[in-house]
Every structure is written in structure tokens, then in C-alpha cells.
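Asks: Before I ask anything, here is the structure I am working with.
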Amino acid sequence: MTDGWFSFERAGNPKRPDDFQSQELDTLFLESATVKLGAAWCVSFPSMRLIFFWGDRSQFNEKRFKEPGRFGYYLRRFHPYFERFVAAKSLLLSREITDCADASPIKYIGLKWMEDRPAEIYAGNGFIFIYELQETRQNYRPDINMRAYLLDRSELGFRICSQAHRFFERIPKSVLKIDASAKLLLEQFFSPNCFDLVSECDVPFAWPWQKSLELKNGLAIPKQIPTLSLVMDIRNSSSAMLLTRDQPRFAGFIDRAVEGAREAITENGGYFDKETGDGVVGHFVNAENFEDASALRDALVAAKSISMLTTRLCGEYQENLRLNLDALGCAIGLFADRAVWLYSWRGVRAIGGSVVNASRICANAKPREVGYCNTIAQMMKIAGITPETFPTSGVTRPIKIHEVREEAIPSATFATVS
């Protein structure tokens, strides 16, 4: 069963296959004995993230390891590969190589050494491919046929790493950055899928969709975890579309706003969920007691950044309208509650109270306003948030929600970002 760049069944499924590295990557690198590869890497450019890793596991992928912890055993065996990569990355990713990463098509760049092992390097189409060979300095003899073979593998691998790249555009920018330590890179690279909730229930799962699983009667079932959700919407965008002189310009305007919001969310430690036509949804992982100052600050900074960027784009877009539209602007809602996180290579989703209520607050926010719930207001006081980080003065007003009886209409605080 393939899930894009990895081939695992869902976490916690006891029938999950024993293999833990992508069958597609195995097909790429094991279908021929022409080249003896120790490992293969792909780094995205210019974000400089580790998009995929493949390592020769034939020496330790044996069926005798049936006891709990076998997956952890397998993964630990890959650690030396990551140590060699980290030790040599300044050479493997030098300026002369990164300058070629945007070229098209992919082409052979040159030979570098990872300790005593040769690494053939290829680049193009926004990626850098690094192949660590099993040979040593004493017996390595470069061959034109070998380089043609690896170039062909790079072109085939482009499909896999492109899928991975779309996924990593939606998660925090700090994850899988190649300036991290070998241990952290190893943990981050394998963590999204390589865990077994049934046999390794004590593993401290690091990703939100892993924390959203728990064991009951031997089965993995969803559970809600503390989440701080952000929903952004461009007010009066439909009116702006109707008033636009040159309609194709409207698409560019919305695309810049959505991409800017996605960048602000992932740059500040959040997870990008989806775009909603003229808005976005993102999430930040909170602590169990909803007092995680770091997640709160990340969400507030992201909200402020999105509001300022989108407000500027809305102001600049006025020149494309037949009439001035003062009500064109950015509205944002923030809510801290619980949600179930889901994952696939297409992206990350969270479903629950945090998302629904952030959307409701957003719907009640005016252009240039960021609305937030009472829980966040209390968190801001405890964390000592200052106006330099986020506006601390706001007005409280009721939220109009049709599903709630009038006597129970809740309220939220709305701050204007300037």
C-alpha cells in the first residue's frame, strides 16, 4: 500500500507490513546491480530540506526481529548514514552545487566524499540528489555508465520527492532543515509514519497526528488533542472580483494572499491545513493545559503577519477596481480547543472544536481584525504578551451563531492590527 513517498499502512494497524522504507525507492535503487549504493538523499532548493532518504537495509532487514521494538532497532541502524551526511553537508551542498539546483533538466554536477566514501551529486528541477556509493577511495573507479544510471534514477526519483515536497510545504519550516543534528534529522524524517501504536505504545510520538491516536482494546482510535486553530478570510472578495477591470488579475491577487498566509503559518511553527478559496486554515499544537506560551506566540505572530500582508495586498489591489472598495480586507479568527489531527502525504488536517469556532469568530471579525476566544485572552495575560508581539487592546462583542440560543450567545475579543 503506497501513501506517496512512503509505503506504510496506517499507524497502529497490526497487519502493517514489516518493511519501513518505501517500496518505490527500493524499485529505483535496487532494480539493478550496476551501482552499489549505500544511501541516497534528496534536498529541496531553496528551502534546503531533506525531502527523501534511502538507505541499504539488506544487511539488517531480517525477519527474526519479531519482538516489540524491532522498528526502533531498524531505524537506529540508519543513524550512521545521517551522521555521515551531517559531517559532509558543507561540501555536499556547497554554493557551486546549489547554484545548479534550479537548472532543468537534472544534470550531473560532480563527485564529493562523505568521509571515505564517494558521493555522486546531481541537481535540477529544484532538487539536489546525493548518492553515497559503497566503494572506498582505494577501489573507486568512476564510470560513465554508472553516472548515466544515477542520472536516470534522479529523473525517476523526481516524482517521489515532488510528492514529499508538497507535503513539507504544509508543515513547520523548522522540520527537516538540514542544519539540524543527525539525531534530530533521523527522528524527524522517520517519525511521521514509522511507529507502531500497538507494539510500541510507549514511544513518545512527536507529530500531532500521532498524538491523536490512543489504544483501546488493542485498536488505535482517534482522540482529540489541544489545538490552536487559525482561520483567515478576505472580506468582500466576491465584490472585488465583480469590480475588477481585468478578471485574471483577481486570481493572482488571491494566490499571493493565500501563499503569503501559508508561508506565515509554516514559518512560525504552524501546520497549513487548506485554502478555502479566499482564505486559509492553519493549526498550532498546544500543551495539555493550554498554557503553552510558545504555541500561543507562534499563532499570534502568524496572525499579525497574515493580517498585515493581506491588508497591504488588498490596498494595492484597489487600483484594479472600477470603484474603491473600503470593506476589502483581512479577517482572522483564533480559537483554542481540542481537535483530531489526520495525516496523508497530501497534507495535514485537524477536525474539531478549535477549527469550527475559529471559523465562527473569523466570520464575525471585521477587515483588519483578529478575533480570539476567552481562553486565548487568558493565555495572553499569563504569557505576558506585549503590544510589540500582538495588539493587547481589543473590544469584546457577541458572536452571532445560528445554532446557539440567544440567551447563550458567546463573545470574543477583536483586536485591530495596524
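Naming works like this for the C-alpha cells: A, B, ... for the chains as they're shown, residue 1 at the start of each chain, ligands 1 onward in shown order.
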Apply DSSP to the backbone of this structure and, from stretch 194-373 of chain A, keep only the residues in alpha helix (DSSP H); write these as a ChimeraX atom specification.

Replies: /A:208-211,237-243,248-267,293-317,353-364

Asks: Name all residues at most 8 Å from stretch 78-94 of chain A (count only C-alpha atoms; drop same-chain ones fewer than 2 positions away) and give them as an NGL selection string.

Replies: :A and (39 or 55 or 74-76 or 96-98 or 112-115 or 121 or 130 or 178-179 or 181-183 or 185-186)

Asks: With distances taken over only C-alpha atoms, which residue among A:Val35, A:Leu328, A:Val258, A:Ala148 lies nearest A:Glu316?

Replies: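 Of A:Val35, A:Leu328, A:Val258, A:Ala148, the one nearest A:Glu316, counting only C-alpha atoms, is A:Leu328.
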
Asks: Residues within 8 Å of A:Leu325, please, as a PyMOL selection string. Count only C-alpha atoms; anything in the same chain fewer than 4 positions from it doesn't count.

Replies: chain A and resi 240+318+321

Asks: In stretch 135-367 of chain A, what's strand (DSSP E or B) per DSSP? Answer as JSON, numbers by chain?

Replies: {"A": [177, 213, 214, 215, 216, 219, 220, 221, 222, 225, 226, 227, 228, 229, 230, 231, 232, 233, 234, 235, 244, 271, 272, 273, 274, 275, 279, 280, 281, 282, 283, 284, 285, 321, 329, 330, 331, 332, 333, 334, 335, 336, 337, 338, 339, 340, 341, 342, 343, 344, 347, 348, 349, 350, 351, 352]}

Asks: Do you know which residues are at most 9 Å from A:Ala377 counting only C-alpha atoms, after dropping those on the same chain fewer than 5 positions away, and could you put them as a list in words?

Replies: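 My list of contacting residues is Tyr372, Ile382, Thr392, Ala412 and Thr413 of chain A.
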
Asks: Near A:Pro367, within 10 Å and counting only C-alpha atoms, which residues show up once chain neighbours fewer than 5 positions away are dropped, as a ChimeraX atom specification?

Replies: /A:233-236,307,311,326-332,362,416-417

Asks: Based on the selection just made, write all heavy atoms of those residues as a compact mmCIF listing (two decimals), in the first residue's frame.

Replies:
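Heads up, here's the output in out_23.txt:
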# COMPACT_ATOMS: atom_id res chain seq x y z
N ASP A 233 -9.97 34.90 6.31
CA ASP A 233 -10.87 35.10 5.19
C ASP A 233 -10.71 36.53 4.69
O ASP A 233 -10.52 37.46 5.49
CB ASP A 233 -12.32 34.85 5.62
CG ASP A 233 -13.30 35.07 4.48
OD1 ASP A 233 -13.30 34.25 3.54
OD2 ASP A 233 -14.05 36.06 4.52
N ILE A 234 -10.77 36.71 3.38
CA ILE A 234 -10.71 38.06 2.81
C ILE A 234 -12.14 38.57 2.65
O ILE A 234 -12.92 38.03 1.86
CB ILE A 234 -9.98 38.06 1.44
CG1 ILE A 234 -8.54 37.58 1.62
CG2 ILE A 234 -9.99 39.46 0.85
CD1 ILE A 234 -7.76 37.51 0.33
N ARG A 235 -12.47 39.56 3.44
CA ARG A 235 -13.81 40.12 3.41
C ARG A 235 -14.08 40.82 2.07
O ARG A 235 -13.22 41.53 1.54
CB ARG A 235 -13.99 41.13 4.55
CG ARG A 235 -14.12 40.50 5.89
CD ARG A 235 -15.51 39.83 6.03
NE ARG A 235 -15.61 39.17 7.32
CZ ARG A 235 -15.25 37.91 7.54
NH1 ARG A 235 -14.83 37.16 6.54
NH2 ARG A 235 -15.35 37.38 8.73
N ASN A 236 -15.30 40.62 1.55
CA ASN A 236 -15.76 41.27 0.33
C ASN A 236 -14.93 40.93 -0.90
O ASN A 236 -14.84 41.73 -1.84
CB ASN A 236 -15.83 42.81 0.52
CG ASN A 236 -16.90 43.22 1.52
OD1 ASN A 236 -18.08 43.15 1.23
ND2 ASN A 236 -16.46 43.63 2.69
N SER A 307 -2.35 39.26 8.68
CA SER A 307 -3.22 40.43 8.61
C SER A 307 -2.53 41.60 7.92
O SER A 307 -3.10 42.25 7.04
CB SER A 307 -3.67 40.84 10.02
OG SER A 307 -4.53 41.96 9.97
N THR A 311 -3.68 42.86 4.29
CA THR A 311 -4.17 44.23 4.25
C THR A 311 -3.42 45.05 3.21
O THR A 311 -4.01 45.83 2.45
CB THR A 311 -4.04 44.89 5.63
OG1 THR A 311 -4.86 44.17 6.57
CG2 THR A 311 -4.48 46.35 5.60
N ASP A 326 -13.67 50.02 0.25
CA ASP A 326 -13.04 50.15 1.56
C ASP A 326 -13.18 48.90 2.42
O ASP A 326 -12.35 48.62 3.27
CB ASP A 326 -13.65 51.34 2.32
CG ASP A 326 -13.21 52.68 1.74
OD1 ASP A 326 -12.16 52.70 1.07
OD2 ASP A 326 -13.93 53.68 1.94
N ALA A 327 -14.25 48.14 2.20
CA ALA A 327 -14.52 46.97 3.03
C ALA A 327 -13.69 45.75 2.64
O ALA A 327 -13.83 44.69 3.25
CB ALA A 327 -16.00 46.62 2.97
N LEU A 328 -12.84 45.87 1.61
CA LEU A 328 -11.98 44.76 1.21
C LEU A 328 -10.84 44.63 2.22
O LEU A 328 -10.07 45.57 2.40
CB LEU A 328 -11.42 45.00 -0.19
CG LEU A 328 -10.51 43.92 -0.76
CD1 LEU A 328 -11.27 42.62 -0.97
CD2 LEU A 328 -9.88 44.38 -2.08
N GLY A 329 -10.76 43.51 2.91
CA GLY A 329 -9.71 43.37 3.93
C GLY A 329 -9.66 41.99 4.53
O GLY A 329 -10.45 41.10 4.19
N CYS A 330 -8.74 41.82 5.45
CA CYS A 330 -8.44 40.51 6.04
C CYS A 330 -9.09 40.37 7.41
O CYS A 330 -8.92 41.22 8.28
CB CYS A 330 -6.92 40.36 6.16
SG CYS A 330 -6.39 38.91 7.07
N ALA A 331 -9.81 39.26 7.61
CA ALA A 331 -10.39 38.94 8.92
C ALA A 331 -9.84 37.60 9.37
O ALA A 331 -9.70 36.66 8.57
CB ALA A 331 -11.91 38.88 8.82
N ILE A 332 -9.50 37.49 10.67
CA ILE A 332 -8.89 36.28 11.20
C ILE A 332 -9.57 35.88 12.50
O ILE A 332 -9.93 36.73 13.32
CB ILE A 332 -7.37 36.48 11.45
CG1 ILE A 332 -6.65 36.73 10.13
CG2 ILE A 332 -6.77 35.27 12.17
CD1 ILE A 332 -5.17 37.03 10.29
N CYS A 362 -13.92 34.12 12.98
CA CYS A 362 -13.48 34.78 11.74
C CYS A 362 -14.66 35.39 11.01
O CYS A 362 -14.58 36.51 10.50
CB CYS A 362 -12.76 33.77 10.85
SG CYS A 362 -12.23 34.45 9.25
N THR A 416 -7.63 45.13 16.43
CA THR A 416 -7.30 45.67 15.11
C THR A 416 -5.79 45.71 14.93
O THR A 416 -5.07 46.26 15.77
CB THR A 416 -7.89 47.09 14.94
OG1 THR A 416 -9.31 47.04 15.11
CG2 THR A 416 -7.56 47.65 13.56
N VAL A 417 -5.34 45.12 13.84
CA VAL A 417 -3.89 45.09 13.52
C VAL A 417 -3.57 46.26 12.62
O VAL A 417 -4.23 46.47 11.60
CB VAL A 417 -3.51 43.76 12.83
CG1 VAL A 417 -2.05 43.79 12.42
CG2 VAL A 417 -3.79 42.60 13.76

Asks: Work out how far atom CA of A:Ala363 is from atom CA of A:Leu300, in Å to one decimal.

Replies: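 Distance between the two atoms: 18.1 Å.
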
Asks: Of the candidates A:Arg117, A:Lys211, A:Arg297, A:Arg312, which one gets nearest to A:Phe253 if we count only C-alpha atoms?

Replies: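 Of all the options, A:Arg312 lies closest to A:Phe253.
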
Asks: Suppose you want the space between atom CA of A:Phe250 and atom CA of A:Met232; what is it in Å?

Replies: 17.8 Å

Asks: I'd like the interatomic distance between atom CA of A:Arg397 and atom CA of A:Lys366, to a tenth of an Å.

Replies: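 Atom CA of A:Arg397 sits 11.8 Å away from atom CA of A:Lys366.
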
Asks: Find the residue from A:Pro192, A:Gly218, A:Pro226, A:Gly126 that sits nearest to A:Cys42; use only C-alpha atoms when measuring.

Replies: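 The closest residue to A:Cys42 is A:Gly126.
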
Asks: I want to know what sits within 9 Å of A:Leu323, based on only C-alpha atoms, with residues of the same chain fewer than 4 positions away left out; could you give that as a PyMOL selection string?

Replies: chain A and resi 243-244+318-319

Asks: Counting only C-alpha atoms, which of A:Ile399, A:Ala103, A:Leu176, A:Leu334 gets nearest to A:Ala164?

Replies: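 Once distances to A:Ala164 are computed over only C-alpha atoms, the minimum belongs to A:Leu176.
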
Asks: Please provide the set of residues having any atom within 6 Å of A:Val231, restricted to only C-alpha atoms, with same-chain residues fewer than 2 positions apart removed, written as a ChimeraX atom specification.

Replies: /A:280-281,332-333,358-359
